[in-house]
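With mmCIF, C-alpha atoms inside, this is query-v3.cif:
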```
data_start
loop_
_atom_site.label_atom_id
_atom_site.label_comp_id
_atom_site.auth_asym_id
_atom_site.auth_seq_id
_atom_site.Cartn_x
_atom_site.Cartn_y
_atom_site.Cartn_z
CA MET N 68 5.26 -10.28 16.21
CA VAL N 69 7.40 -7.24 15.37
CA VAL N 70 7.61 -8.35 11.76
CA VAL N 71 3.84 -8.78 11.62
CA GLY N 72 3.37 -5.30 13.05
CA LEU N 73 5.74 -3.78 10.49
CA VAL N 74 4.01 -5.57 7.61
CA LEU N 75 0.56 -4.46 8.77
CA THR N 76 1.79 -0.89 9.19
CA ALA N 77 3.20 -0.87 5.66
CA LEU N 78 0.00 -2.31 4.20
CA GLY N 79 -2.20 0.19 6.02
CA ALA N 80 0.01 3.11 5.01
CA PHE N 81 0.09 2.17 1.31
CA ALA N 82 -3.68 1.64 1.33
CA LEU N 83 -4.07 5.31 2.24
CA VAL N 84 -1.66 6.74 -0.35
CA PRO N 85 -3.60 8.34 -3.28
CA VAL N 86 -2.35 7.65 -6.83
CA ASN N 87 -3.48 8.26 -10.39
CA ARG N 88 -5.85 5.69 -11.83
CA SER N 89 -3.89 3.14 -13.83
CA HIS N 90 -6.46 1.81 -16.30
CA VAL N 91 -9.79 2.80 -17.87
CA LEU N 92 -11.76 0.82 -20.46
CA ILE N 93 -15.19 1.97 -21.67
CA GLN N 94 -17.09 0.38 -24.54
CA ASP N 95 -19.80 2.25 -26.43
CA SER N 96 -22.35 0.44 -28.59
CA GLN N 97 -22.48 1.08 -32.32
CA ASP N 98 -25.07 3.66 -33.41
CA ASP N 99 -25.96 3.46 -37.09
CA THR N 100 -27.80 6.77 -36.89
CA ILE N 101 -24.44 8.50 -36.36
CA THR N 102 -21.97 8.97 -39.20
CA ALA N 103 -19.24 6.33 -38.83
CA ASP N 104 -16.43 8.90 -38.43
CA TYR N 105 -18.16 10.32 -35.36
CA ASP N 106 -19.51 7.12 -33.82
CA ALA N 107 -17.32 6.29 -30.80
CA LEU N 108 -16.88 2.61 -29.99
CA LEU N 109 -14.10 2.41 -27.40
CA LEU N 110 -12.28 4.67 -24.95
CA LYS N 111 -9.14 3.51 -23.16
CA GLY N 112 -6.81 5.14 -20.68
CA ASP N 113 -3.56 3.69 -19.36
CA LEU N 114 -0.94 5.12 -17.02
CA GLN N 115 2.40 4.32 -18.67
CA ASN N 116 5.81 4.57 -17.00
CA GLY N 117 4.08 6.14 -14.03
CA ASN N 118 4.15 9.60 -15.58
CA THR N 119 2.04 9.61 -18.77
CA PHE N 120 -1.66 8.91 -19.10
CA VAL N 121 -2.26 7.62 -22.63
CA ILE N 122 -5.80 7.92 -23.99
CA GLU N 123 -7.10 6.13 -27.08
CA LEU N 124 -10.48 6.85 -28.67
CA THR N 125 -11.71 4.45 -31.35
CA VAL N 126 -14.48 5.38 -33.81
CA ARG N 127 -16.37 3.22 -36.29
CA GLY N 128 -15.02 5.13 -39.27
CA THR N 129 -11.93 7.33 -39.60
CA ILE N 130 -10.69 10.12 -37.33
CA GLN N 131 -11.21 13.48 -39.05
CA PRO N 132 -8.64 16.24 -38.52
CA ASN N 133 -10.78 19.38 -38.74
CA TYR N 134 -13.78 21.11 -37.23
CA ALA N 135 -17.14 19.51 -37.80
CA ILE N 136 -18.75 21.46 -40.64
CA GLY N 137 -22.49 21.47 -41.21
CA ASP N 138 -24.22 21.05 -44.56
CA ASP N 139 -24.88 24.78 -44.54
CA GLY N 140 -21.18 25.53 -44.11
CA SER N 141 -21.44 26.37 -40.42
CA ILE N 142 -18.35 25.51 -38.37
CA HIS N 143 -18.89 23.56 -35.17
CA MET N 144 -16.59 22.77 -32.25
CA PRO N 145 -13.67 20.35 -32.66
CA ALA N 146 -15.12 16.93 -33.41
CA TYR N 147 -13.13 14.96 -30.82
CA GLN N 148 -12.86 16.06 -27.23
CA ILE N 149 -11.47 14.14 -24.27
CA GLU N 150 -12.21 15.05 -20.68
CA LEU N 151 -9.66 13.86 -18.13
CA LEU N 152 -11.39 13.64 -14.74
CA THR N 153 -9.47 14.37 -11.55
CA LYS N 154 -10.16 14.66 -7.83
CA GLU N 155 -8.19 15.56 -4.74
CA LYS N 156 -9.68 12.86 -2.51
CA SER N 157 -12.27 10.12 -2.80
CA SER N 158 -14.85 11.97 -0.75
CA ASP N 159 -15.01 14.80 -3.31
CA ARG N 160 -18.24 14.99 -5.27
CA ASP N 161 -16.96 17.74 -7.55
CA THR N 162 -14.59 16.81 -10.36
CA ALA N 163 -11.81 18.92 -11.86
CA VAL N 164 -11.74 18.42 -15.64
CA TYR N 165 -8.84 18.77 -18.08
CA LEU N 166 -10.34 19.25 -21.57
CA LEU N 167 -8.28 17.92 -24.48
CA SER N 168 -9.36 18.93 -28.00
CA TYR N 169 -7.98 17.36 -31.16
CA LEU N 170 -7.74 19.55 -34.24
CA ASP N 171 -5.54 19.52 -37.36
CA GLY N 172 -3.24 16.85 -35.97
CA VAL N 173 -2.55 18.46 -32.59
CA GLU N 174 -4.06 18.79 -29.15
CA ARG N 175 -5.06 22.46 -29.01
CA ASN N 176 -5.59 23.21 -25.31
CA TYR N 177 -2.30 22.05 -23.77
CA GLY N 178 -0.11 21.12 -26.72
CA PHE N 179 0.40 17.56 -25.51
CA PRO N 180 1.26 14.83 -28.06
CA ALA N 181 -1.61 13.63 -30.27
CA GLN N 182 -1.79 11.19 -33.16
CA ALA N 183 -4.60 9.90 -35.37
CA THR N 184 -4.19 6.57 -37.15
CA ALA N 185 -7.21 5.41 -39.15
CA SER N 186 -9.97 4.87 -36.57
CA VAL N 187 -7.88 5.54 -33.44
CA LEU N 188 -7.07 8.88 -31.86
CA ARG N 189 -4.20 8.72 -29.36
CA LEU N 190 -3.53 11.49 -26.85
CA GLU N 191 -0.81 11.68 -24.21
CA PHE N 192 -1.24 13.61 -20.98
CA PRO N 193 1.94 13.90 -18.84
CA THR N 194 0.98 13.72 -15.19
CA ARG N 195 3.23 16.70 -14.52
CA GLY N 196 0.40 18.74 -16.04
CA LEU N 197 -1.82 17.96 -13.04
CA LEU N 198 -2.08 20.26 -10.08
CA PRO N 199 -0.06 18.72 -7.18
CA SER N 200 -3.14 17.80 -5.14
CA LEU N 201 -5.16 16.23 -8.00
CA HIS N 202 -5.28 12.60 -9.13
CA ILE N 203 -6.78 11.03 -12.25
CA VAL N 204 -10.02 9.17 -11.52
CA GLY N 205 -11.43 8.62 -15.00
CA VAL N 206 -11.81 9.76 -18.58
CA GLU N 207 -14.74 10.65 -20.84
CA ALA N 208 -15.11 11.50 -24.53
CA ALA N 209 -17.47 13.61 -26.60
CA VAL N 210 -17.61 13.31 -30.40
CA PHE N 211 -19.44 15.98 -32.37
CA SER N 212 -20.58 16.15 -35.94
CA ALA N 213 -22.83 18.79 -37.48
CA GLU N 214 -25.80 16.45 -37.08
CA SER N 215 -25.02 14.39 -33.96
CA GLN N 216 -23.26 14.04 -30.64
CA ASP N 217 -21.85 10.86 -29.15
CA TYR N 218 -20.77 10.67 -25.51
CA VAL N 219 -18.67 7.97 -23.88
CA GLU N 220 -18.99 7.86 -20.10
CA GLU N 221 -18.13 5.29 -17.46
CA ALA N 222 -20.24 6.26 -14.45
CA PRO N 223 -21.60 9.35 -12.69
CA ARG N 224 -18.64 11.57 -11.90
CA GLU N 225 -19.53 11.91 -8.24
CA SER N 226 -19.17 8.12 -7.80
CA LEU N 227 -15.60 8.02 -9.11
CA GLN N 228 -12.99 7.65 -6.38
CA VAL N 229 -9.28 8.30 -6.08
CA GLN N 230 -7.31 5.08 -6.49
CA LYS N 231 -4.94 4.03 -3.69
CA ALA N 232 -1.46 2.55 -4.00
CA ILE N 233 -2.85 -0.84 -2.97
CA THR N 234 -6.41 -2.07 -2.44
CA LEU N 235 -7.27 -4.03 0.70
CA PRO N 236 -10.44 -6.06 1.39
CA VAL N 237 -10.82 -4.26 4.73
CA ASN N 238 -10.62 -0.67 5.95
CA PRO N 239 -6.94 0.43 6.13
CA TYR N 240 -7.52 1.89 9.59
CA VAL N 241 -8.45 -1.59 10.82
CA ILE N 242 -5.07 -2.83 9.56
CA LEU N 243 -3.27 0.04 11.30
CA ALA N 244 -5.16 -0.70 14.52
CA ALA N 245 -4.09 -4.35 14.29
CA SER N 246 -0.46 -3.27 13.84
CA ALA N 247 -0.75 -1.07 16.94
CA VAL N 248 -2.02 -4.08 18.91
CA CYS N 249 0.98 -6.14 17.73
CA PHE N 250 3.43 -3.48 18.91
CA ALA N 251 1.59 -3.18 22.24
CA ILE N 252 1.87 -6.94 22.80
CA VAL N 253 5.59 -6.81 21.98
CA ALA N 254 6.08 -3.97 24.48
CA ILE N 255 4.26 -5.91 27.21
CA LEU N 256 6.32 -9.05 26.53
CA ILE N 257 9.55 -7.07 26.72
CA VAL N 258 8.56 -5.61 30.08
CA LEU N 259 7.66 -9.07 31.44
CA MET N 260 10.93 -10.56 30.22
CA VAL N 261 12.94 -7.78 31.79
CA LYS N 262 11.18 -8.27 35.11
CA ALA N 263 11.61 -12.04 34.99
CA GLY N 264 15.32 -11.77 34.29
CA ALA N 265 16.13 -9.14 36.94
CA PRO N 266 18.15 -10.40 40.03
CA PRO N 267 16.40 -10.36 43.44
CA VAL N 268 16.82 -7.21 45.47
CA GLN N 269 19.38 -7.71 48.30
CA LYS N 270 19.60 -5.67 51.43
CA SER N 271 22.84 -3.85 51.85
CA ARG N 272 25.27 -4.85 54.62
CA ASN N 273 24.97 -1.42 56.22
CA THR N 274 21.22 -1.84 56.45
CA ASN N 275 21.59 -5.25 58.13
CA ASP N 276 24.18 -3.90 60.58
CA LEU N 277 21.92 -1.00 61.51
CA ALA N 278 19.00 -3.33 62.11
CA THR N 279 21.17 -5.56 64.38
CA LYS N 280 22.41 -2.57 66.36
CA LEU N 281 18.90 -1.33 66.95
CA LYS N 282 17.83 -4.74 68.23
CA GLU N 283 20.78 -4.88 70.65
CA GLU N 284 19.93 -1.46 72.07
CA GLU N 285 16.40 -2.60 72.69
CA ILE N 286 17.55 -5.55 74.93
CA PRO N 287 17.80 -4.31 78.55
CA LYS N 288 21.12 -4.92 80.20
CA GLU N 289 21.15 -7.14 83.33
CA ARG N 290 22.04 -5.49 86.59
CA VAL N 291 25.34 -6.52 88.09
#
```
This entry written out as structure tokens:
Amino acid sequence: MVVVGLVLTALGAFALVPVNRSHVLIQDSQDDTITADYDALLLKGDLQNGNTFVIELTVRGTIQPNYAIGDDGSIHMPAYQIELLTKEKSSDRDTAVYLLSYLDGVERNYGFPAQATASVLRLEFPTRGLLPSLHIVGVEAAVFSAESQDYVEEAPRESLQVQKAITLPVNPYVILAASAVCFAIVAILIVLMVKAGAPPVQKSRNTNDLATKLKEEEIPKERV
């Protein structure tokens, strides 16, 4: 019973520990109205070695290194932008966003590693860059050309929740309550065993002698 209680306590505790999301995979349908170099098809995010969130954006064409430039020569924002979504706790509706922008072979906002190989842009975000209270809950991408915009999103941000160390099919507090019941039963059993094994209480000899003396004094003496 003690072992069961300890196991349940551990499970309940781990189910309440917030961690960074370990995996994201979002597919985006091909759009022939968008130039191939700016048509996003796939966005992946993986937590590697527990301390680096690796993001890969795949486009239909080839990753371009520079600003998107319009036909009239106007310069637009960096073509490839990644938004790393974070929250402090699952109940938060607001999302803190870390914006990563790829330009000329580097990530411009934080200076984290970036690499473009053909159709894949790879960005690395060390988790040490997060504020201590924030945890990764998702990732989004925005790809801009002079004529189009392509967005890759998983779900409404307010619906994203902080991942826990382990996921249980029931509420963690139910597990913790069950563990408390186990420990209570163990405590009751210990008390009963102690009582059952205790020797019977014996009256002391002095107490018996005193009782005898009192009885003798109560008996009236016969007259001679």
The distance between CA of Ala209 (chain N) and CA of Gln148 (chain N) is 5.3 Å
Residues returned when the PyMOL selection byres ((chain N and resi 187) around 9) runs on this file, as number ranges by chain:
N: 123-126, 129-130, 182-186, 188-189
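Checking N:Asn133, N:Pro145, N:Val219, N:Lys156 one by one against Gln94 (chain N), counting all atoms listed in the file, you find the shortest gap at N:Val219.
Reported to one decimal place, the separation of CA of Ala146 (chain N) from CA of Arg195 (chain N) is 26.3 Å.
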Since I can't run it myself right now, could you work out what the PyMOL selection byres ((chain N and resi 114-116) around 8) selects here and report it as a PyMOL selection string?
chain N and resi 87-90+112-113+117-121
Suppose a student applies the PyMOL selection byres ((chain N and resi 104) around 6) to this structure; what residues should they get, written as a list in words?
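The output of the PyMOL selection byres ((chain N and resi 104) around 6) on this file is Thr102, Ala103, Tyr105, Asp106, Gly128, Thr129 and Ile130 of chain N.
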Write out as a ChimeraX atom specification which residues come within 7 Å of region 201-208 of chain N when counting all atoms listed in the file, dropping same-chain ones fewer than 3 positions away.
/N:86-88,91,148-155,197-198,218-220,227-229
Using all atoms listed in the file, the shortest atom-to-atom distance to Gln97 (chain N) among N:Ile233, N:Leu190, N:Leu109, N:Ile122 belongs to N:Leu109
